[in-house]
$ cat input13.cif   # mmCIF, C-alpha atoms
data_input
loop_
_atom_site.label_atom_id
_atom_site.label_comp_id
_atom_site.auth_asym_id
_atom_site.auth_seq_id
_atom_site.Cartn_x
_atom_site.Cartn_y
_atom_site.Cartn_z
CA MET A 1 -8.82 -29.27 47.81
CA ALA A 2 -6.18 -28.87 50.53
CA HIS A 3 -8.96 -28.71 53.13
CA ALA A 4 -10.47 -31.95 51.78
CA ILE A 5 -7.09 -33.70 51.94
CA ILE A 6 -6.56 -32.62 55.56
CA LEU A 7 -10.09 -33.72 56.47
CA ALA A 8 -9.60 -37.13 54.83
CA ALA A 9 -6.32 -37.55 56.72
CA GLN A 10 -8.04 -36.69 59.99
CA VAL A 11 -10.83 -39.24 59.37
CA TYR A 12 -8.25 -41.87 58.37
CA GLY A 13 -6.23 -41.14 61.51
CA GLY A 14 -9.34 -41.28 63.71
CA VAL A 15 -10.25 -44.72 62.43
CA GLY A 16 -6.61 -45.71 62.83
CA GLY A 17 -6.71 -44.63 66.46
CA LEU A 18 -9.69 -46.90 67.13
CA VAL A 19 -8.01 -49.81 65.35
CA ALA A 20 -4.81 -49.17 67.33
CA ALA A 21 -6.68 -49.25 70.65
CA TRP A 22 -8.46 -52.48 69.72
CA PHE A 23 -5.28 -54.11 68.49
CA LEU A 24 -3.08 -53.16 71.43
CA LEU A 25 -5.65 -53.99 74.09
CA TRP A 26 -7.19 -57.18 72.75
CA ARG A 27 -5.44 -58.53 69.73
CA ILE A 28 -1.68 -58.22 69.92
CA GLU A 29 -0.98 -61.09 72.31
CA ARG A 30 -2.87 -63.51 70.08
CA VAL A 31 -0.97 -62.35 67.02
CA ASP A 32 2.54 -62.41 68.50
CA PRO A 33 3.60 -64.49 71.54
CA MET A 34 6.59 -62.22 72.10
CA ALA A 35 4.16 -59.43 72.99
CA ARG A 36 2.76 -61.39 75.94
CA GLY A 37 3.57 -59.59 79.15
CA ALA A 38 5.43 -56.88 77.22
CA TYR A 39 3.74 -53.50 77.62
CA ALA A 40 6.43 -50.83 77.48
CA PHE A 41 6.95 -51.19 73.74
CA ARG A 42 3.27 -50.94 72.83
CA PRO A 43 2.97 -47.13 72.72
CA LEU A 44 5.71 -47.19 70.09
CA LEU A 45 3.38 -49.14 67.82
CA ILE A 46 0.58 -46.56 67.90
CA PRO A 47 1.86 -44.34 65.03
CA GLY A 48 2.39 -47.38 62.82
CA LEU A 49 -1.02 -48.81 63.66
CA VAL A 50 -2.70 -45.46 62.92
CA LEU A 51 -0.82 -45.18 59.64
CA LEU A 52 -1.21 -48.77 58.47
CA TRP A 53 -4.54 -49.76 59.99
CA PRO A 54 -5.94 -51.24 56.75
CA LEU A 55 -2.89 -53.52 56.66
CA VAL A 56 -3.43 -54.41 60.31
CA LEU A 57 -7.05 -55.37 59.63
CA TRP A 58 -5.97 -57.31 56.56
CA ARG A 59 -4.18 -59.76 58.76
CA GLY A 60 -5.12 -62.82 56.83
CA LEU A 61 -2.18 -62.38 54.53
CA ALA A 62 -0.63 -65.64 53.50
CA ARG A 63 2.88 -66.08 54.84
CA PRO A 64 5.28 -66.38 51.91
CA ALA A 65 7.97 -69.02 51.92
CA GLU A 66 10.66 -68.51 54.54
CA GLY A 67 14.02 -67.24 53.45
CA ARG A 68 13.13 -65.09 50.48
CA GLU A 69 15.51 -62.23 50.09
CA PHE A 70 15.30 -59.30 47.79
CA ARG A 71 18.78 -58.52 46.69
CA ALA A 72 17.79 -59.30 43.12
CA ALA A 73 14.98 -56.75 43.35
CA HIS A 74 17.33 -54.23 45.00
CA ALA A 75 19.79 -54.61 42.15
CA ARG A 76 17.14 -54.17 39.44
CA ILE A 77 15.71 -51.10 41.13
CA TRP A 78 19.13 -49.48 41.39
CA VAL A 79 19.91 -50.08 37.74
CA GLY A 80 16.76 -48.09 36.93
CA LEU A 81 17.45 -45.38 39.52
CA SER A 82 21.01 -45.01 38.26
CA ILE A 83 19.58 -43.89 34.95
CA VAL A 84 16.66 -41.82 36.20
CA LEU A 85 18.25 -39.90 39.10
CA PRO A 86 21.23 -38.42 37.20
CA LEU A 87 18.84 -37.39 34.42
CA LEU A 88 16.64 -35.66 36.98
CA VAL A 89 19.55 -33.72 38.44
CA LEU A 90 20.95 -32.78 35.04
CA GLY A 91 17.47 -31.87 33.80
CA SER A 92 16.87 -29.62 36.78
CA LEU A 93 20.22 -27.90 36.24
CA ALA A 94 19.27 -27.34 32.60
CA LEU A 95 16.00 -25.77 33.72
CA ARG A 96 17.72 -23.49 36.17
CA GLN A 97 17.70 -19.85 35.25
CA ASN A 98 20.68 -17.64 35.80
CA GLY A 99 20.64 -15.96 39.17
CA PRO A 100 20.61 -14.05 41.30
CA ILE A 101 16.97 -14.75 42.08
CA GLU A 102 16.76 -12.44 45.06
CA ALA A 103 16.20 -8.89 43.94
CA PRO A 104 18.26 -6.23 45.67
CA PRO A 105 16.36 -4.31 48.32
CA VAL A 106 14.74 -1.11 47.14
CA ARG A 107 14.07 1.77 49.44
CA LEU A 108 10.46 2.78 48.96
CA SER A 109 9.59 6.40 48.95
CA ALA A 110 7.02 7.64 51.38
CA PRO A 111 3.50 7.96 49.94
CA MET Y 1 12.96 -68.17 71.58
CA SER Y 2 11.06 -66.95 74.61
CA ILE Y 3 12.06 -63.32 74.59
CA ARG Y 4 9.78 -60.34 75.00
CA TYR Y 5 9.72 -57.17 73.01
CA VAL Y 6 11.36 -54.11 74.53
CA PRO Y 7 10.88 -50.53 73.36
CA VAL Y 8 14.40 -50.22 71.94
CA GLY Y 9 16.85 -53.11 71.69
CA TRP Y 10 19.90 -51.21 72.85
CA SER Y 11 23.18 -52.94 73.47
CA ARG Y 12 26.38 -51.15 74.49
CA THR Y 13 27.54 -51.11 70.87
CA LYS Y 14 24.24 -49.73 69.64
CA LEU Y 15 24.20 -47.06 72.34
CA VAL Y 16 27.65 -45.90 71.24
CA TYR Y 17 26.54 -45.97 67.59
CA ASP Y 18 23.44 -43.89 68.33
CA ALA Y 19 25.35 -41.45 70.54
CA VAL Y 20 27.99 -40.87 67.85
CA LEU Y 21 25.32 -40.41 65.19
CA ALA Y 22 23.27 -38.00 67.31
CA ALA Y 23 26.40 -36.01 68.17
CA ALA Y 24 27.34 -35.83 64.48
CA VAL Y 25 23.87 -34.56 63.57
CA VAL Y 26 23.92 -31.89 66.29
CA ALA Y 27 27.45 -30.84 65.26
CA TYR Y 28 26.39 -30.56 61.60
CA LEU Y 29 23.37 -28.44 62.46
CA LEU Y 30 25.38 -26.12 64.69
CA ILE Y 31 28.19 -25.73 62.17
CA TYR Y 32 25.70 -25.10 59.36
CA MET Y 33 23.91 -22.44 61.38
CA ARG Y 34 27.26 -20.81 62.03
CA LEU Y 35 28.85 -21.09 58.59
CA GLY Y 36 25.69 -21.20 56.46
CA PRO Y 37 25.55 -17.49 55.65
CA ALA Y 38 29.13 -17.57 54.37
CA LEU Y 39 28.42 -20.60 52.18
CA GLN Y 40 25.35 -19.05 50.58
CA PRO Y 41 26.25 -15.62 49.25
CA ALA Y 42 22.90 -13.94 48.85
CA ILE Y 43 21.95 -10.35 48.45
CA ILE Y 44 19.56 -10.75 51.33
CA PRO Y 45 21.32 -12.80 54.04
CA PRO Y 46 19.24 -15.75 55.28
CA ASP Y 47 17.91 -15.29 58.79
CA GLY Y 48 17.68 -17.84 61.58
CA GLY Y 49 14.44 -19.44 60.38
CA ALA Y 50 15.66 -19.94 56.82
CA LEU Y 51 19.03 -21.18 58.03
CA GLY Y 52 17.43 -23.75 60.34
CA MET Y 53 15.24 -24.95 57.50
CA ARG Y 54 18.24 -25.40 55.21
CA ALA Y 55 20.38 -26.95 57.93
CA PHE Y 56 17.80 -29.62 58.73
CA GLY Y 57 16.96 -30.19 55.07
CA SER Y 58 20.55 -30.63 53.92
CA CYS Y 59 21.35 -32.80 56.93
CA ALA Y 60 18.36 -35.06 56.21
CA PHE Y 61 19.40 -35.43 52.57
CA LEU Y 62 22.99 -36.30 53.49
CA LEU Y 63 21.82 -38.82 56.11
CA LEU Y 64 19.41 -40.39 53.63
CA SER Y 65 22.17 -40.66 51.05
CA PHE Y 66 24.52 -42.27 53.55
CA VAL Y 67 21.99 -44.74 54.90
CA LEU Y 68 21.39 -45.93 51.34
CA CYS Y 69 25.12 -46.50 50.92
CA ILE Y 70 25.39 -48.77 53.97
CA GLY Y 71 23.90 -51.84 52.25
CA PRO Y 72 26.28 -51.92 49.25
CA LEU Y 73 29.24 -50.89 51.44
CA ALA Y 74 28.60 -53.86 53.74
CA ARG Y 75 28.41 -56.20 50.75
CA LEU Y 76 31.65 -54.83 49.35
CA ASP Y 77 33.57 -54.83 52.64
CA ARG Y 78 32.67 -56.73 55.82
CA ARG Y 79 34.11 -53.95 57.98
CA PHE Y 80 30.95 -51.95 57.26
CA LEU Y 81 28.69 -54.66 58.70
CA PRO Y 82 28.38 -52.96 62.12
CA LEU Y 83 26.80 -50.01 60.32
CA LEU Y 84 24.33 -52.36 58.70
CA TYR Y 85 23.17 -53.94 61.96
CA ASN Y 86 22.02 -50.62 63.34
CA ARG Y 87 20.66 -49.21 60.12
CA ARG Y 88 17.14 -48.94 61.48
CA HIS Y 89 18.24 -46.51 64.20
CA PHE Y 90 20.01 -44.51 61.49
CA GLY Y 91 16.80 -44.40 59.47
CA VAL Y 92 14.71 -43.22 62.42
CA ILE Y 93 17.19 -40.42 63.15
CA THR Y 94 17.12 -39.45 59.46
CA CYS Y 95 13.33 -39.27 59.58
CA ALA Y 96 13.46 -37.12 62.73
CA VAL Y 97 15.83 -34.67 61.03
CA ALA Y 98 13.60 -34.56 57.92
CA ALA Y 99 10.60 -33.88 60.18
CA GLY Y 100 12.64 -31.05 61.73
CA HIS Y 101 13.07 -29.58 58.26
CA ALA Y 102 9.31 -29.76 57.65
CA TRP Y 103 8.66 -28.21 61.05
CA HIS Y 104 10.89 -25.26 60.19
CA VAL Y 105 9.18 -24.86 56.80
CA LEU Y 106 5.74 -24.80 58.44
CA GLY Y 107 6.91 -22.33 61.05
CA TRP Y 108 8.65 -20.07 58.55
CA TYR Y 109 6.39 -19.94 55.51
CA PHE Y 110 2.95 -20.91 56.78
CA ALA Y 111 2.66 -19.47 60.28
CA PHE Y 112 0.74 -16.36 61.34
CA SER Y 113 -1.94 -16.91 58.70
CA ALA Y 114 -5.68 -17.42 58.87
CA THR Y 115 -5.12 -20.58 56.79
CA PRO Y 116 -4.05 -23.59 58.88
CA PRO Y 117 -0.34 -24.34 58.24
CA PHE Y 118 -0.89 -27.80 56.70
CA GLU Y 119 -3.59 -26.50 54.37
CA GLY Y 120 -1.37 -23.58 53.46
CA MET Y 121 1.51 -25.89 52.61
CA LEU Y 122 -0.65 -28.12 50.42
CA GLY Y 123 -2.33 -25.24 48.62
CA ALA Y 124 0.52 -22.73 48.39
CA ASP Y 125 1.74 -23.68 44.94
CA THR Y 126 -0.47 -25.44 42.41
CA SER Y 127 1.24 -24.46 39.19
CA PHE Y 128 1.47 -28.05 37.99
CA GLY Y 129 1.09 -27.05 34.34
CA GLN Y 130 4.63 -25.71 33.94
CA LEU Y 131 7.97 -27.47 34.03
CA ARG Y 132 10.05 -24.49 35.12
CA GLY Y 133 8.78 -23.60 38.55
CA PHE Y 134 6.96 -26.91 38.98
CA PRO Y 135 5.77 -27.24 42.61
CA PHE Y 136 8.48 -28.99 44.57
CA ILE Y 137 6.81 -29.13 47.97
CA PRO Y 138 4.66 -32.21 47.15
CA PHE Y 139 7.85 -34.18 46.41
CA GLY Y 140 9.18 -33.31 49.85
CA ILE Y 141 5.87 -34.20 51.51
CA GLY Y 142 5.91 -37.56 49.70
CA ALA Y 143 9.47 -38.32 50.77
CA LEU Y 144 8.71 -37.40 54.39
CA ALA Y 145 5.49 -39.44 54.40
CA ILE Y 146 7.41 -42.52 53.23
CA MET Y 147 10.17 -41.99 55.79
CA LEU Y 148 7.56 -41.60 58.54
CA ALA Y 149 5.84 -44.81 57.46
CA LEU Y 150 9.15 -46.66 57.55
CA ALA Y 151 10.21 -45.14 60.88
CA VAL Y 152 6.99 -46.07 62.64
CA THR Y 153 7.25 -49.64 61.35
CA SER Y 154 10.90 -50.09 62.29
CA HIS Y 155 10.27 -51.97 65.55
CA ASP Y 156 10.95 -55.70 65.54
CA PHE Y 157 7.24 -56.30 66.12
CA TRP Y 158 6.44 -55.02 62.64
CA LEU Y 159 9.03 -57.29 61.08
CA ALA Y 160 7.40 -60.29 62.71
CA PHE Y 161 3.81 -59.09 62.22
CA LEU Y 162 4.10 -58.22 58.55
CA THR Y 163 6.52 -61.16 57.91
CA PRO Y 164 10.05 -60.43 56.65
CA PRO Y 165 9.18 -60.50 52.91
CA VAL Y 166 6.30 -58.01 53.28
CA TRP Y 167 8.31 -55.84 55.69
CA LYS Y 168 11.25 -55.77 53.32
CA ARG Y 169 9.03 -54.86 50.38
CA LEU Y 170 7.50 -52.05 52.43
CA HIS Y 171 10.92 -50.76 53.45
CA MET Y 172 12.17 -50.80 49.88
CA ALA Y 173 9.96 -47.70 49.56
CA ILE Y 174 13.01 -45.85 50.90
CA TYR Y 175 14.25 -45.84 47.30
CA ALA Y 176 11.11 -43.96 46.24
CA ALA Y 177 11.69 -41.57 49.15
CA TYR Y 178 15.22 -40.91 47.92
CA GLY Y 179 13.97 -40.28 44.38
CA LEU Y 180 11.36 -37.86 45.71
CA ALA Y 181 13.97 -36.12 47.88
CA VAL Y 182 16.21 -35.66 44.84
CA LEU Y 183 13.23 -34.25 42.91
CA HIS Y 184 12.35 -31.99 45.85
CA LEU Y 185 15.87 -30.58 45.79
CA ALA Y 186 16.20 -30.51 42.02
CA MET Y 187 12.97 -28.60 41.46
CA GLY Y 188 13.33 -26.49 44.60
CA ALA Y 189 16.62 -25.45 46.17
CA LEU Y 190 18.67 -26.23 43.06
CA GLN Y 191 16.48 -23.91 40.98
CA SER Y 192 16.84 -20.93 43.26
CA SER Y 193 20.39 -21.41 44.48
CA THR Y 194 23.09 -19.43 42.76
CA ASN Y 195 25.80 -21.32 44.64
CA PRO Y 196 27.33 -24.31 42.81
CA LEU Y 197 28.06 -26.08 46.12
CA LEU Y 198 24.54 -27.45 46.52
CA ALA Y 199 24.45 -28.76 42.94
CA MET Y 200 27.80 -30.44 43.51
CA VAL Y 201 26.62 -32.05 46.76
CA VAL Y 202 23.42 -33.38 45.16
CA ALA Y 203 25.28 -34.67 42.09
CA ALA Y 204 27.94 -36.33 44.28
CA SER Y 205 25.25 -37.93 46.42
CA VAL Y 206 23.37 -39.36 43.44
CA ALA Y 207 26.61 -40.55 41.82
CA GLY Y 208 27.82 -42.11 45.07
CA VAL Y 209 24.61 -43.88 45.98
CA CYS Y 210 23.93 -45.19 42.46
CA GLY Y 211 27.59 -46.04 41.84
CA LEU Y 212 27.94 -48.07 45.03
CA HIS Y 213 24.78 -50.04 44.29
CA LEU Y 214 25.93 -50.78 40.75
CA LEU Y 215 29.39 -51.78 42.02
CA ALA Y 216 27.93 -54.10 44.66
CA ARG Y 217 25.70 -55.62 42.00
CA SER Y 218 28.60 -56.24 39.66
CA VAL Y 219 30.71 -58.04 42.26
CA ALA Y 220 27.85 -60.16 43.64
CA ALA Y 221 28.53 -63.73 42.63
CA ALA Y 222 25.82 -65.37 40.56
CA PRO Y 223 25.22 -69.01 41.50
CA PRO Y 224 26.78 -71.36 38.96
CA PRO Y 225 24.68 -74.08 37.32
CA GLY Y 226 24.66 -77.64 38.66
CA ASP Y 227 23.74 -79.22 42.00
CA TRP Y 228 27.18 -78.82 43.59
CA ILE Y 229 28.53 -75.31 44.15
CA ASP Y 230 32.19 -74.47 44.72
CA ALA Y 231 32.44 -72.71 48.08
CA GLY Y 232 36.16 -72.02 47.67
CA PRO Y 233 39.13 -73.31 49.64
CA ALA Y 234 38.46 -74.46 53.19
CA SER Y 235 41.33 -72.31 54.39
CA ALA Y 236 39.42 -69.20 53.27
CA ILE Y 237 36.81 -69.76 55.98
CA ALA Y 238 38.03 -68.34 59.29
CA ASP Y 239 37.59 -70.45 62.39
CA GLY Y 240 34.30 -69.64 64.11
CA ARG Y 241 33.03 -67.67 61.12
CA GLY Y 242 31.06 -68.45 57.99
CA ILE Y 243 30.61 -67.53 54.37
CA THR Y 244 27.36 -67.03 52.48
CA LEU Y 245 26.68 -68.75 49.19
CA PRO Y 246 23.82 -67.53 46.98
CA LEU Y 247 21.81 -70.48 45.67
CA GLY Y 248 19.55 -68.65 43.23
CA GLY Y 249 15.88 -67.86 43.66
CA GLY Y 250 16.68 -65.58 46.57
CA MET Y 251 17.95 -68.45 48.74
CA ALA Y 252 21.38 -68.72 50.31
CA ALA Y 253 23.38 -71.17 52.41
CA ALA Y 254 25.98 -70.42 55.06
CA VAL Y 255 29.09 -72.60 55.46
CA PHE Y 256 30.65 -72.39 58.93
CA ARG Y 257 33.96 -73.55 60.29
CA ASP Y 258 34.27 -74.78 63.87
CA GLY Y 259 37.86 -75.88 64.38
CA GLU Y 260 38.59 -78.50 61.74
CA ARG Y 261 34.93 -79.19 60.97
CA LEU Y 262 32.66 -77.55 58.40
CA SER Y 263 28.86 -77.47 58.38
CA ALA Y 264 26.27 -75.73 56.23
CA ILE Y 265 22.76 -74.51 57.02
CA SER Y 266 20.30 -72.01 55.57
CA ALA Y 267 21.69 -68.47 55.67
CA HIS Y 268 18.34 -67.03 56.80
CA CYS Y 269 17.56 -66.94 60.51
CA ALA Y 270 14.14 -68.43 61.34
CA HIS Y 271 13.44 -65.49 63.64
CA GLN Y 272 13.50 -62.51 61.31
CA ASN Y 273 15.50 -63.55 58.27
CA GLY Y 274 18.76 -62.25 59.76
CA PRO Y 275 21.99 -62.92 57.81
CA LEU Y 276 23.32 -66.02 59.58
CA GLY Y 277 26.37 -66.17 57.32
CA GLU Y 278 27.60 -62.98 58.97
CA GLY Y 279 27.24 -64.48 62.44
CA ARG Y 280 29.74 -66.40 64.59
CA VAL Y 281 30.04 -69.82 66.16
CA ILE Y 282 29.50 -69.32 69.90
CA ASP Y 283 29.31 -72.28 72.31
CA GLY Y 284 29.19 -74.62 69.35
CA CYS Y 285 26.17 -72.91 67.83
CA ILE Y 286 25.80 -70.54 64.90
CA THR Y 287 24.65 -67.23 66.38
CA CYS Y 288 22.60 -64.74 64.38
CA PRO Y 289 24.19 -61.28 64.38
CA TRP Y 290 20.81 -59.57 64.62
CA HIS Y 291 19.18 -60.96 67.76
CA GLY Y 292 21.44 -63.78 68.92
CA PHE Y 293 19.22 -66.69 67.90
CA GLN Y 294 21.32 -69.86 67.88
CA TYR Y 295 21.36 -73.05 65.80
CA ARG Y 296 23.41 -76.21 66.16
CA LEU Y 297 25.95 -76.78 63.42
CA THR Y 298 25.09 -80.43 63.00
CA ASP Y 299 21.33 -80.28 62.44
CA GLY Y 300 20.27 -76.62 62.14
CA CYS Y 301 18.08 -76.89 65.27
CA ALA Y 302 17.94 -74.26 68.02
CA PRO Y 303 19.13 -75.77 71.31
CA ALA Y 304 16.39 -76.91 73.73
CA PRO Y 305 13.97 -75.64 74.90
CA PHE Y 306 13.70 -73.65 71.66
CA THR Y 307 12.13 -75.17 68.58
CA GLU Y 308 13.35 -73.26 65.52
CA ARG Y 309 14.82 -75.44 62.78
CA LEU Y 310 16.66 -74.59 59.58
CA ALA Y 311 17.48 -76.55 56.45
CA THR Y 312 20.90 -78.19 56.38
CA TYR Y 313 23.16 -78.82 53.38
CA ASN Y 314 25.61 -81.56 52.46
CA LEU Y 315 29.27 -80.71 51.94
CA ARG Y 316 32.18 -82.50 50.35
CA LEU Y 317 35.87 -81.76 49.97
CA SER Y 318 37.70 -82.06 46.66
CA ASP Y 319 41.31 -80.96 46.07
CA GLY Y 320 41.21 -78.71 49.12
CA ARG Y 321 38.04 -76.96 47.96
CA VAL Y 322 34.67 -77.17 49.66
CA TRP Y 323 31.63 -78.08 47.58
CA LEU Y 324 28.05 -77.57 48.71
CA ASP Y 325 25.00 -79.47 47.47
CA ARG Y 326 22.41 -76.80 46.71
CA ARG Y 327 19.58 -79.32 47.27
CA ALA Y 328 18.57 -78.49 50.86
CA ASN Y 329 17.79 -81.19 53.41
CA PRO Y 330 14.50 -80.82 55.30
CA PRO Y 331 14.82 -78.46 58.30
CA GLY Y 332 16.48 -80.14 61.27
CA THR Y 333 18.07 -82.99 59.26
CA PRO Y 334 21.33 -84.08 60.97
CA VAL Y 335 24.39 -83.92 58.71
CA ALA Y 336 27.79 -85.12 59.88
CA PRO Y 337 30.29 -82.23 59.80
CA LEU Y 338 32.90 -82.33 57.06
CA GLU Y 339 36.21 -83.15 58.74
CA LEU Y 340 39.18 -81.29 57.32
CA PRO Y 341 42.38 -83.30 56.89
#

$ encode --input "input13.cif" --output "structure tokens"
Amino acid sequence: MAHAIILAAQVYGGVGGLVAAWFLLWRIERVDPMARGAYAFRPLLIPGLVLLWPLVLWRGLARPAEGREFRAAHARIWVGLSIVLPLLVLGSLALRQNGPIEAPPVRLSAP
Amino acid sequence: MSIRYVPVGWSRTKLVYDAVLAAAVVAYLLIYMRLGPALQPAIIPPDGGALGMRAFGSCAFLLLSFVLCIGPLARLDRRFLPLLYNRRHFGVITCAVAAGHAWHVLGWYFAFSATPPFEGMLGADTSFGQLRGFPFIPFGIGALAIMLALAVTSHDFWLAFLTPPVWKRLHMAIYAAYGLAVLHLAMGALQSSTNPLLAMVVAASVAGVCGLHLLARSVAAAPPPGDWIDAGPASAIADGRGITLPLGGGMAAAVFRDGERLSAISAHCAHQNGPLGEGRVIDGCITCPWHGFQYRLTDGCAPAPFTERLATYNLRLSDGRVWLDRRANPPGTPVAPLELP
């Protein structure tokens, strides 16, 4: 299972590398005018392109209305987290067994 | 605006900010390595590898907690705004420290084995059927993966490429990363630690982060009903500065004072949604605190040769108080400034 996950990540990253090369060499200046003539920053984009290559290919996303902000969403999320996170911490403390966990060293006798 | 991307948009202020932060991180790690054994009374004293792992891990958690506090702190008190403007650098440094923790874990627990370290880490503990002793490593991997995704998309290019709404949604995943980090600690170090200090630090972090967000939420002004909104007394707006008025639906307007004249435009910069209301009037133009994009007070247009335009708003004065019409004018509509008596 762990081997399969690593292999899938390697394949995903390999495809991402190809997408990154294509995007940085041929596509970026069409997508963003501020990238024209700017080369030093491009290597910084490689990890993001490798990681998010499906999103990069899915470039036809409709631009939402300008000026949306998400403070309302932030506030709602934190109301939920303010309930869940303290419960998690308290729950974990309730689960905790009395220490000490580390056993004292024992001198082994020779065989 | 005809500017080109640069690898890192450092200004003198940001360089100082980053230098102080980096120095604080290094100091924390060194102090922890020095004092760590005394703080963690264990029968078997932790060695250098274990200490490094704990130093990086605890530092990453504290940094993550603090970076999440910056937003509500800045909303509660404007003096914290400089921390907000460089929050992305803070996040990248936090991610680097968390990666350092993972690096130590790989080098300490999963090295010198026939199994590759990453495979070993993923397959080391699969006892998912029990609550006590539930595998905590996957929570840490999840938190680090999210932080990595956010760090590698922190450049301005990503903000423009993904569009501000999508980029902001993506970066709200930091909340999930924090939840996973708390779980990672709660099911891991908190279970095995016999020292109450760690439990106190985690509890204080959760209480602080959640409390600040709830406090900021409670003091945030909800927009009142009606077309005209009370923006408060004109005297409350400092010369050359602005205030931000929420209009509902996620929109906001910024009212600026330039001498004895008041003007109002959209509070969202056309460049990357920067908070214009926190900017200043420079050379007669509202200047975005994020990247310095400028807009004229009278019509919301960027000065030539630039072409960005923002919506403007009508103002009126009544009994010394400023009122703003929430119905926006089309972008670039000239509006005569409100002259103060």

$ resolve_selection --input "input13.cif" --expression "the PyMOL selection byres ((chain Y) within 8 of (chain A))" --output "ChimeraX atom specification"
/Y:2-8,42-44,118-120,122-123,132,149,152-153,155,160-161,163,165,168,172,179,182-183,186-187,190-194,199,202-203,206-207,210-211,213-214,217,249-251,268-270,273

$ resolve_selection --input "input13.cif" --expression "the PyMOL selection byres ((chain A and resi 19) around 9)" --output "JSON, numbers by chain"
{"A": [14, 15, 16, 17, 18, 20, 21, 22, 23, 24, 49, 50, 53, 54, 56, 57]}

$ atom_distance --input "input13.cif" --atom1 "CA of Asp258 in chain Y" --atom2 "CA of Gly240 in chain Y"
5.1 Å

$ resolve_selection --input "input13.cif" --expression "the PyMOL selection byres ((chain Y and resi 294) around 12)" --output "PyMOL selection string"
chain Y and resi 1+265+268-271+274+276+279-293+295-297+299-310

$ write_last_selection --input "input13.cif" --atoms "C-alpha atoms" --output "compact mmCIF listing (two decimals), keeping the file's coordinate frame"
# COMPACT_ATOMS: atom_id res chain seq x y z
CA MET Y 1 12.96 -68.17 71.58
CA ILE Y 265 22.76 -74.51 57.02
CA HIS Y 268 18.34 -67.03 56.80
CA CYS Y 269 17.56 -66.94 60.51
CA ALA Y 270 14.14 -68.43 61.34
CA HIS Y 271 13.44 -65.49 63.64
CA GLY Y 274 18.76 -62.25 59.76
CA LEU Y 276 23.32 -66.02 59.58
CA GLY Y 279 27.24 -64.48 62.44
CA ARG Y 280 29.74 -66.40 64.59
CA VAL Y 281 30.04 -69.82 66.16
CA ILE Y 282 29.50 -69.32 69.90
CA ASP Y 283 29.31 -72.28 72.31
CA GLY Y 284 29.19 -74.62 69.35
CA CYS Y 285 26.17 -72.91 67.83
CA ILE Y 286 25.80 -70.54 64.90
CA THR Y 287 24.65 -67.23 66.38
CA CYS Y 288 22.60 -64.74 64.38
CA PRO Y 289 24.19 -61.28 64.38
CA TRP Y 290 20.81 -59.57 64.62
CA HIS Y 291 19.18 -60.96 67.76
CA GLY Y 292 21.44 -63.78 68.92
CA PHE Y 293 19.22 -66.69 67.90
CA TYR Y 295 21.36 -73.05 65.80
CA ARG Y 296 23.41 -76.21 66.16
CA LEU Y 297 25.95 -76.78 63.42
CA ASP Y 299 21.33 -80.28 62.44
CA GLY Y 300 20.27 -76.62 62.14
CA CYS Y 301 18.08 -76.89 65.27
CA ALA Y 302 17.94 -74.26 68.02
CA PRO Y 303 19.13 -75.77 71.31
CA ALA Y 304 16.39 -76.91 73.73
CA PRO Y 305 13.97 -75.64 74.90
CA PHE Y 306 13.70 -73.65 71.66
CA THR Y 307 12.13 -75.17 68.58
CA GLU Y 308 13.35 -73.26 65.52
CA ARG Y 309 14.82 -75.44 62.78
CA LEU Y 310 16.66 -74.59 59.58

$ closest_residue --input "input13.cif" --among "Y:His101, Y:Arg316, Y:Arg327, Y:Arg78" --to "Ala252 in chain Y" --atoms "all atoms listed in the file"
Y:Arg327

$ atom_distance --input "input13.cif" --atom1 "CA of Ser11 in chain Y" --atom2 "CA of Val255 in chain Y"
27.3 Å

$ atom_distance --input "input13.cif" --atom1 "CA of Pro246 in chain Y" --atom2 "CA of Leu215 in chain Y"
17.4 Å

$ residues_around --input "input13.cif" --residues "Tyr109 in chain Y" --least-positions-apart "5" --cutoff "10 Å" --atoms "only C-alpha atoms" --output "MDAnalysis selection string"
chainID Y and resid 49:50 104 117 120:121 124

$ closest_residue --input "input13.cif" --among "Y:Thr13, Y:Phe112, Y:Gly232, Y:Leu198" --to "Tyr85 in chain Y" --atoms "all atoms listed in the file"
Y:Thr13
